[in-house]
Amino acid sequence: MRLSLPRQPSSVTRARHVLTTLLSLTDAGEEPRDHLAVMMSEACANAVLHADSGSTVDVTILIDGHECLIEVGNRGDTPHAGRLAAELPDPLTVGGRGLPLIGALADTAAFLDAEPGRVLLRLTKHLSTMPAPVT
């Protein structure tokens with residue numbers, strides 16, 4: 001599924017709702033669903049906050065039987081010189097936790113080389129959770 005959403009805060013909620021609806025059609029575990037919802041929210045919120053004026057937030061969601069791939073793109077500059085593993089900010093700092101959180105929750109997460117002036121973040125997450133060990 002591909003979405004092109006306006007650069008406004010309500011687009012974060014819309015993208016998350018579409019993802020949640022698509023995941024409800026799968027047998028994905030609760031933990032991967034929760035992680036994906038957080039990652040989608042953080043990625044879209046970053047796009048809304050940092051995209052060039054007049055840019056859209058472009059979201060692609062691909063789900064197969066075992067994995068979900070999400071791409072969030074917009075016009076602007078790739079943060080942190082393309083590195084995703086940004087350090088956590090000082091505990092009293094407002095904001096700045098989205099990319100480290102995405103990096104911690106995703107199976108893979110990276111900024112991709114895109115056309116000049118375009119940011120593209122790709123995330124993947126396995127949809128199955130390991131069963132709890134029998135004791």
# chains A, B, ... in the order shown; residues from 1 in each chain; ligands from 1
>>> select_by_dssp(residues="chain A", states="strand (DSSP E)", output="PyMOL selection string")
chain A and resi 2-6+56-63+67-75+108-111+118-126
>>> residues_around(residues="Asp77 in chain A", least_positions_apart="4", cutoff="7 Å", atoms="only C-alpha atoms", output="list in words")
Gly117, Arg118 and Val119 of chain A
>>> write_last_selection(atoms="all heavy atoms", output="JSON list (two decimals), in the first residue's frame")
[["chain", "number", "residue", "atom", "x", "y", "z"],
["A", 117, "GLY", "N", 17.78, 15.88, -2.15],
["A", 117, "GLY", "CA", 16.71, 16.64, -1.51],
["A", 117, "GLY", "C", 15.56, 15.79, -1.02],
["A", 117, "GLY", "O", 14.51, 16.31, -0.66],
["A", 118, "ARG", "N", 15.75, 14.48, -1.01],
["A", 118, "ARG", "CA", 14.68, 13.56, -0.56],
["A", 118, "ARG", "C", 15.22, 12.67, 0.54],
["A", 118, "ARG", "O", 16.32, 12.16, 0.46],
["A", 118, "ARG", "CB", 14.20, 12.72, -1.72],
["A", 118, "ARG", "CG", 13.08, 11.78, -1.35],
["A", 118, "ARG", "CD", 12.16, 11.52, -2.53],
["A", 118, "ARG", "NE", 11.16, 10.54, -2.20],
["A", 118, "ARG", "CZ", 10.05, 10.80, -1.50],
["A", 118, "ARG", "NH1", 9.82, 12.01, -1.08],
["A", 118, "ARG", "NH2", 9.18, 9.85, -1.24],
["A", 119, "VAL", "N", 14.42, 12.49, 1.58],
["A", 119, "VAL", "CA", 14.75, 11.61, 2.70],
["A", 119, "VAL", "C", 13.90, 10.36, 2.56],
["A", 119, "VAL", "O", 12.70, 10.44, 2.30],
["A", 119, "VAL", "CB", 14.42, 12.30, 4.05],
["A", 119, "VAL", "CG1", 14.69, 11.36, 5.22],
["A", 119, "VAL", "CG2", 15.19, 13.60, 4.19]]
>>> select_by_dssp(residues="range 12-115 of chain A", states="alpha helix (DSSP H)", output="PDB file with N, CA and C atoms, in the first residue's frame")
ATOM      1  N   VAL A  12       0.159  11.495  10.857  1.00  0.00           N
ATOM      2  CA  VAL A  12       0.803  10.474  11.688  1.00  0.00           C
ATOM      3  C   VAL A  12      -0.244   9.453  12.124  1.00  0.00           C
ATOM      4  N   THR A  13      -1.368   9.932  12.610  1.00  0.00           N
ATOM      5  CA  THR A  13      -2.452   9.051  13.052  1.00  0.00           C
ATOM      6  C   THR A  13      -3.018   8.259  11.885  1.00  0.00           C
ATOM      7  N   ARG A  14      -3.198   8.895  10.750  1.00  0.00           N
ATOM      8  CA  ARG A  14      -3.737   8.195   9.568  1.00  0.00           C
ATOM      9  C   ARG A  14      -2.832   7.056   9.134  1.00  0.00           C
ATOM     10  N   ALA A  15      -1.539   7.318   9.064  1.00  0.00           N
ATOM     11  CA  ALA A  15      -0.589   6.276   8.644  1.00  0.00           C
ATOM     12  C   ALA A  15      -0.598   5.116   9.633  1.00  0.00           C
ATOM     13  N   ARG A  16      -0.622   5.422  10.919  1.00  0.00           N
ATOM     14  CA  ARG A  16      -0.651   4.375  11.947  1.00  0.00           C
ATOM     15  C   ARG A  16      -1.940   3.559  11.852  1.00  0.00           C
ATOM     16  N   HIS A  17      -3.074   4.194  11.600  1.00  0.00           N
ATOM     17  CA  HIS A  17      -4.346   3.476  11.470  1.00  0.00           C
ATOM     18  C   HIS A  17      -4.345   2.545  10.256  1.00  0.00           C
ATOM     19  N   VAL A  18      -3.800   3.001   9.139  1.00  0.00           N
ATOM     20  CA  VAL A  18      -3.712   2.142   7.956  1.00  0.00           C
ATOM     21  C   VAL A  18      -2.847   0.929   8.261  1.00  0.00           C
ATOM     22  N   LEU A  19      -1.700   1.151   8.890  1.00  0.00           N
ATOM     23  CA  LEU A  19      -0.819   0.046   9.255  1.00  0.00           C
ATOM     24  C   LEU A  19      -1.527  -0.938  10.185  1.00  0.00           C
ATOM     25  N   THR A  20      -2.185  -0.426  11.202  1.00  0.00           N
ATOM     26  CA  THR A  20      -2.895  -1.278  12.159  1.00  0.00           C
ATOM     27  C   THR A  20      -3.972  -2.104  11.468  1.00  0.00           C
ATOM     28  N   THR A  21      -4.692  -1.487  10.546  1.00  0.00           N
ATOM     29  CA  THR A  21      -5.731  -2.208   9.804  1.00  0.00           C
ATOM     30  C   THR A  21      -5.118  -3.311   8.953  1.00  0.00           C
ATOM     31  N   LEU A  22      -4.038  -3.014   8.246  1.00  0.00           N
ATOM     32  CA  LEU A  22      -3.383  -4.040   7.430  1.00  0.00           C
ATOM     33  C   LEU A  22      -2.857  -5.184   8.290  1.00  0.00           C
ATOM     34  N   LEU A  23      -2.265  -4.853   9.425  1.00  0.00           N
ATOM     35  CA  LEU A  23      -1.734  -5.898  10.308  1.00  0.00           C
ATOM     36  C   LEU A  23      -2.846  -6.754  10.912  1.00  0.00           C
ATOM     37  N   SER A  24      -4.041  -6.184  11.071  1.00  0.00           N
ATOM     38  CA  SER A  24      -5.158  -6.959  11.625  1.00  0.00           C
ATOM     39  C   SER A  24      -5.584  -8.082  10.679  1.00  0.00           C
ATOM     40  N   GLU A  30       1.357  -9.776  18.818  1.00  0.00           N
ATOM     41  CA  GLU A  30       1.031  -8.492  19.437  1.00  0.00           C
ATOM     42  C   GLU A  30       2.273  -7.607  19.582  1.00  0.00           C
ATOM     43  N   GLU A  31       3.391  -8.200  19.963  1.00  0.00           N
ATOM     44  CA  GLU A  31       4.600  -7.401  20.149  1.00  0.00           C
ATOM     45  C   GLU A  31       5.084  -6.762  18.844  1.00  0.00           C
ATOM     46  N   PRO A  32       5.195  -7.525  17.747  1.00  0.00           N
ATOM     47  CA  PRO A  32       5.598  -6.866  16.503  1.00  0.00           C
ATOM     48  C   PRO A  32       4.606  -5.786  16.062  1.00  0.00           C
ATOM     49  N   ARG A  33       3.317  -6.014  16.277  1.00  0.00           N
ATOM     50  CA  ARG A  33       2.314  -4.993  15.916  1.00  0.00           C
ATOM     51  C   ARG A  33       2.548  -3.711  16.705  1.00  0.00           C
ATOM     52  N   ASP A  34       2.778  -3.874  18.008  1.00  0.00           N
ATOM     53  CA  ASP A  34       3.024  -2.707  18.855  1.00  0.00           C
ATOM     54  C   ASP A  34       4.289  -1.974  18.427  1.00  0.00           C
ATOM     55  N   HIS A  35       5.356  -2.732  18.146  1.00  0.00           N
ATOM     56  CA  HIS A  35       6.613  -2.115  17.719  1.00  0.00           C
ATOM     57  C   HIS A  35       6.434  -1.367  16.404  1.00  0.00           C
ATOM     58  N   LEU A  36       5.729  -1.978  15.466  1.00  0.00           N
ATOM     59  CA  LEU A  36       5.492  -1.336  14.175  1.00  0.00           C
ATOM     60  C   LEU A  36       4.673  -0.057  14.323  1.00  0.00           C
ATOM     61  N   ALA A  37       3.690  -0.069  15.197  1.00  0.00           N
ATOM     62  CA  ALA A  37       2.876   1.135  15.412  1.00  0.00           C
ATOM     63  C   ALA A  37       3.734   2.281  15.955  1.00  0.00           C
ATOM     64  N   VAL A  38       4.619   1.976  16.894  1.00  0.00           N
ATOM     65  CA  VAL A  38       5.507   3.000  17.448  1.00  0.00           C
ATOM     66  C   VAL A  38       6.463   3.505  16.376  1.00  0.00           C
ATOM     67  N   MET A  39       7.045   2.572  15.610  1.00  0.00           N
ATOM     68  CA  MET A  39       7.988   2.975  14.562  1.00  0.00           C
ATOM     69  C   MET A  39       7.312   3.839  13.501  1.00  0.00           C
ATOM     70  N   MET A  40       6.110   3.466  13.092  1.00  0.00           N
ATOM     71  CA  MET A  40       5.372   4.260  12.102  1.00  0.00           C
ATOM     72  C   MET A  40       5.105   5.659  12.654  1.00  0.00           C
ATOM     73  N   SER A  41       4.668   5.727  13.895  1.00  0.00           N
ATOM     74  CA  SER A  41       4.382   7.033  14.502  1.00  0.00           C
ATOM     75  C   SER A  41       5.622   7.905  14.551  1.00  0.00           C
ATOM     76  N   GLU A  42       6.728   7.339  14.991  1.00  0.00           N
ATOM     77  CA  GLU A  42       7.963   8.116  15.103  1.00  0.00           C
ATOM     78  C   GLU A  42       8.491   8.547  13.742  1.00  0.00           C
ATOM     79  N   ALA A  43       8.483   7.642  12.776  1.00  0.00           N
ATOM     80  CA  ALA A  43       8.989   7.977  11.435  1.00  0.00           C
ATOM     81  C   ALA A  43       8.135   9.058  10.784  1.00  0.00           C
ATOM     82  N   CYS A  44       6.815   8.935  10.886  1.00  0.00           N
ATOM     83  CA  CYS A  44       5.926   9.937  10.283  1.00  0.00           C
ATOM     84  C   CYS A  44       6.001  11.266  11.033  1.00  0.00           C
ATOM     85  N   ALA A  45       6.109  11.216  12.355  1.00  0.00           N
ATOM     86  CA  ALA A  45       6.241  12.458  13.122  1.00  0.00           C
ATOM     87  C   ALA A  45       7.514  13.196  12.731  1.00  0.00           C
ATOM     88  N   ASN A  46       8.609  12.457  12.542  1.00  0.00           N
ATOM     89  CA  ASN A  46       9.848  13.099  12.100  1.00  0.00           C
ATOM     90  C   ASN A  46       9.669  13.727  10.726  1.00  0.00           C
ATOM     91  N   ALA A  47       8.994  13.023   9.824  1.00  0.00           N
ATOM     92  CA  ALA A  47       8.757  13.567   8.486  1.00  0.00           C
ATOM     93  C   ALA A  47       7.911  14.836   8.557  1.00  0.00           C
ATOM     94  N   VAL A  48       6.877  14.826   9.369  1.00  0.00           N
ATOM     95  CA  VAL A  48       6.015  16.006   9.504  1.00  0.00           C
ATOM     96  C   VAL A  48       6.812  17.184  10.077  1.00  0.00           C
ATOM     97  N   LEU A  49       7.638  16.908  11.075  1.00  0.00           N
ATOM     98  CA  LEU A  49       8.399  17.985  11.726  1.00  0.00           C
ATOM     99  C   LEU A  49       9.525  18.533  10.859  1.00  0.00           C
ATOM    100  N   HIS A  50      10.205  17.672  10.127  1.00  0.00           N
ATOM    101  CA  HIS A  50      11.445  18.077   9.479  1.00  0.00           C
ATOM    102  C   HIS A  50      11.371  18.207   7.958  1.00  0.00           C
ATOM    103  N   GLY A  98      13.142   9.713  18.785  1.00  0.00           N
ATOM    104  CA  GLY A  98      12.483   8.933  17.750  1.00  0.00           C
ATOM    105  C   GLY A  98      13.404   7.998  17.002  1.00  0.00           C
ATOM    106  N   LEU A  99      14.534   8.504  16.496  1.00  0.00           N
ATOM    107  CA  LEU A  99      15.438   7.650  15.727  1.00  0.00           C
ATOM    108  C   LEU A  99      16.076   6.557  16.581  1.00  0.00           C
ATOM    109  N   PRO A 100      16.544   6.855  17.802  1.00  0.00           N
ATOM    110  CA  PRO A 100      17.064   5.759  18.627  1.00  0.00           C
ATOM    111  C   PRO A 100      15.990   4.714  18.947  1.00  0.00           C
ATOM    112  N   LEU A 101      14.772   5.156  19.152  1.00  0.00           N
ATOM    113  CA  LEU A 101      13.673   4.226  19.427  1.00  0.00           C
ATOM    114  C   LEU A 101      13.396   3.348  18.210  1.00  0.00           C
ATOM    115  N   ILE A 102      13.351   3.936  17.037  1.00  0.00           N
ATOM    116  CA  ILE A 102      13.159   3.170  15.805  1.00  0.00           C
ATOM    117  C   ILE A 102      14.282   2.149  15.649  1.00  0.00           C
ATOM    118  N   GLY A 103      15.516   2.590  15.859  1.00  0.00           N
ATOM    119  CA  GLY A 103      16.657   1.694  15.743  1.00  0.00           C
ATOM    120  C   GLY A 103      16.596   0.525  16.705  1.00  0.00           C
ATOM    121  N   ALA A 104      16.074   0.756  17.891  1.00  0.00           N
ATOM    122  CA  ALA A 104      15.977  -0.303  18.895  1.00  0.00           C
ATOM    123  C   ALA A 104      14.854  -1.291  18.587  1.00  0.00           C
ATOM    124  N   LEU A 105      13.755  -0.828  18.008  1.00  0.00           N
ATOM    125  CA  LEU A 105      12.590  -1.689  17.781  1.00  0.00           C
ATOM    126  C   LEU A 105      12.605  -2.421  16.440  1.00  0.00           C
TER     127      LEU A 105
END
>>> atom_distance(atom1="CA of Ile61 in chain A", atom2="CA of Pro116 in chain A")
22.8 Å
>>> residues_around(residues="Leu3 in chain A", least_positions_apart="2", cutoff="9 Å", atoms="only C-alpha atoms", output="ChimeraX atom specification")
/A:1,5,15,57-61
>>> residues_around(residues="Thr26 in chain A", least_positions_apart="6", cutoff="9 Å", atoms="only C-alpha atoms", output="NGL selection string")
:A and (63-65 or 127)
